[in-house]
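Participant: I'd like to ask you about the structure that follows.
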Amino acid sequence: MRKSILAVATAATVAFASVSPAIADERPENITDVKDMTFERVYTDGEGSSQETFYYFIKKDKDNHRVDTTVKDKDNNIVCDTVTQKADFMWNAGTTNCNRKKAIDVIKDISAYIAAISAAIGALFAIYTTAQKFIK
C-alpha cells in the first residue's frame with residue numbers, strides 16, 4: 001500500500017514538474033508583440049508577493065546573433081529597450097541586452113543622485129552668500 005502511494009506521488013510530481021515550465025513560458029494575451037521582434041522568454045524576479053514577471057522580445061541578425069532586446073512588464077509597458085537605450089530605474093539597457101539591477105545597486109544610484117543634488121544646492125548657497133557680500 002505504501003509503495004503504491006509513493007509511486008503515485010512520484011509520478012504526479014514528475015508529471016507536474018515537466019508541465020510547469022511549459023505553463024510558465026506562456027505569455028498573457030495583453031502582452032503585445034514588439035515590431036520586428038520575436039518573443040523569447042518569461043523572466044520572473046523576486047519572491048512571494050514581491051515577485052514580478054517580465055517578457056523578453058529579441059531581434060536577431062542573419063547569423064542568428066542577438067541584435068536588440070525589449071522587455072515588457074505585466075501591464076504591457078516597456079521597461080527596457082536597447083534600440084532607444086531607454087530603461088526603467090531598475091534596468092540597464094546595454095547595446096544588445098537588458099539586465100535587471102539588484103536592489104543594492106539601485107540604492108547606490110539613488111544615494112549618488114542625492115549627493116549630487118546636495119552638492120548643487122550647496123554651490124548655489126555659496127554663490128548666494130558671495131553675491132550678498134558684494135552687494136554690501
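Residues are named by chain letter and number: chains run A, B, ... in the order of the C-alpha cells, numbers start at 1 in each chain, and ligands are numbered from 1 in the order shown.
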Would you mind listing what lies within 12 Å of Lys86 in chain A as a VMD selection string, with only C-alpha atoms counted and same-chain residues fewer than 5 positions away left out?
Facilitator: chain A and resid 69 to 71 78 to 81 91 to 95 97 to 98
Participant: Name the residues of range 50-132 of chain A that come out as strand (DSSP E) in a backbone DSSP run; write them as a count of residues only.
Facilitator: 28
Participant: Neighbouring residues of Val42 in chain A were defined as those with any atom within 7 Å, considering only C-alpha atoms; residues of the same chain fewer than 3 positions away were excluded. Please report them as a list of chain:residue names.
Facilitator: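 Near neighbours after the sequence-gap exclusion: A:Asp25, A:Thr53, A:Phe54, A:Tyr55, A:Tyr56.
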Participant: Only N, CA and C atoms, please: the residues just picked out, written as a short mmCIF file (atom, residue, chain, number, x, y, z; two decimals), in the first residue's frame.
Facilitator:
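Okay, this is what ended up in result-v6.cif:
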```
data_model
loop_
_atom_site.label_atom_id
_atom_site.label_comp_id
_atom_site.auth_asym_id
_atom_site.auth_seq_id
_atom_site.Cartn_x
_atom_site.Cartn_y
_atom_site.Cartn_z
N ASP A 25 6.16 29.56 -19.39
CA ASP A 25 6.70 30.29 -20.52
C ASP A 25 5.64 30.89 -21.43
N THR A 53 6.94 39.70 -13.01
CA THR A 53 7.10 38.94 -14.25
C THR A 53 7.38 39.90 -15.39
N PHE A 54 8.36 39.54 -16.22
CA PHE A 54 8.74 40.35 -17.37
C PHE A 54 8.79 39.47 -18.61
N TYR A 55 8.60 40.09 -19.78
CA TYR A 55 8.54 39.36 -21.04
C TYR A 55 9.61 39.92 -21.98
N TYR A 56 10.51 39.03 -22.43
CA TYR A 56 11.63 39.42 -23.28
C TYR A 56 11.26 39.22 -24.75
#
```
Participant: Write down as a list in words the residues belonging to range 12-110 of chain A that are assigned alpha helix (DSSP H) by DSSP computed on the backbone.
Facilitator: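 Filtering range 12-110 of chain A down to alpha helix (DSSP H) leaves Ala12, Thr13, Val14, Ala15, Phe16, Ala17, Ser18, Val19, Ser20, Pro21, Ala22, Ile23, Ala24, Ala103, Ile104, Asp105, Val106, Ile107, Lys108, Asp109 and Ile110 of chain A.
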Participant: Could you please take those selected residues and save C-alpha atoms as a short mmCIF file (atom, residue, chain, number, x, y, z; two decimals), in the first residue's frame?
Facilitator:
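Saved result, again05.cif, follows:
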```cif
data_model
loop_
_atom_site.label_atom_id
_atom_site.label_comp_id
_atom_site.auth_asym_id
_atom_site.auth_seq_id
_atom_site.Cartn_x
_atom_site.Cartn_y
_atom_site.Cartn_z
CA ALA A 12 2.40 13.06 -10.11
CA THR A 13 5.44 15.10 -9.08
CA VAL A 14 7.36 14.17 -12.22
CA ALA A 15 4.35 14.92 -14.44
CA PHE A 16 3.73 18.29 -12.78
CA ALA A 17 7.42 19.23 -12.86
CA SER A 18 7.63 18.60 -16.61
CA VAL A 19 4.44 20.56 -17.33
CA SER A 20 5.19 23.58 -15.09
CA PRO A 21 7.98 25.11 -17.22
CA ALA A 22 5.75 24.93 -20.29
CA ILE A 23 2.95 26.71 -18.44
CA ALA A 24 5.31 29.36 -17.07
CA ALA A 103 18.32 46.38 -5.11
CA ILE A 104 21.66 47.44 -3.62
CA ASP A 105 22.72 48.94 -6.97
CA VAL A 106 19.52 50.98 -7.14
CA ILE A 107 20.12 52.23 -3.58
CA LYS A 108 23.67 53.25 -4.58
CA ASP A 109 22.32 55.11 -7.63
CA ILE A 110 19.74 56.98 -5.55
#
```
Participant: Quick one: pull the distance between CA of Arg100 in chain A and CA of Asp45 in chain A, Å, one decimal.
Facilitator: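 We find that CA of Arg100 in chain A and CA of Asp45 in chain A lie 8.9 Å from each other.
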Participant: Please provide the set of residues having any atom within 12 Å of Lys35 in chain A, restricted to only C-alpha atoms, with same-chain residues fewer than 6 positions apart removed, written as a list in words.
Facilitator: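 Counting only C-alpha atoms, the residues come to Phe57, Ile58, Lys59, Asp68, Thr69, Thr70 and Val83 of chain A.
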Participant: Kindly save the residues from that selection, with N, CA and C atoms included, as a PDB file, in the first residue's frame.
Facilitator:
```pdb
ATOM      1  N   PHE A  57      11.557  40.242 -25.562  1.00  0.00           N
ATOM      2  CA  PHE A  57      11.432  40.169 -27.013  1.00  0.00           C
ATOM      3  C   PHE A  57      12.809  40.457 -27.586  1.00  0.00           C
ATOM      4  N   ILE A  58      13.217  39.689 -28.586  1.00  0.00           N
ATOM      5  CA  ILE A  58      14.555  39.873 -29.154  1.00  0.00           C
ATOM      6  C   ILE A  58      14.484  40.001 -30.671  1.00  0.00           C
ATOM      7  N   LYS A  59      15.519  40.616 -31.214  1.00  0.00           N
ATOM      8  CA  LYS A  59      15.701  40.709 -32.658  1.00  0.00           C
ATOM      9  C   LYS A  59      17.069  40.128 -32.955  1.00  0.00           C
ATOM     10  N   ASP A  68      19.034  43.249 -30.718  1.00  0.00           N
ATOM     11  CA  ASP A  68      18.314  44.145 -29.818  1.00  0.00           C
ATOM     12  C   ASP A  68      17.407  43.358 -28.889  1.00  0.00           C
ATOM     13  N   THR A  69      17.096  43.966 -27.739  1.00  0.00           N
ATOM     14  CA  THR A  69      16.209  43.360 -26.749  1.00  0.00           C
ATOM     15  C   THR A  69      15.232  44.416 -26.252  1.00  0.00           C
ATOM     16  N   THR A  70      13.987  44.003 -26.074  1.00  0.00           N
ATOM     17  CA  THR A  70      12.978  44.843 -25.438  1.00  0.00           C
ATOM     18  C   THR A  70      12.311  44.012 -24.357  1.00  0.00           C
ATOM     19  N   VAL A  83      17.089  49.423 -28.284  1.00  0.00           N
ATOM     20  CA  VAL A  83      17.030  50.200 -29.521  1.00  0.00           C
ATOM     21  C   VAL A  83      17.154  51.687 -29.201  1.00  0.00           C
TER      22      VAL A  83
END
```
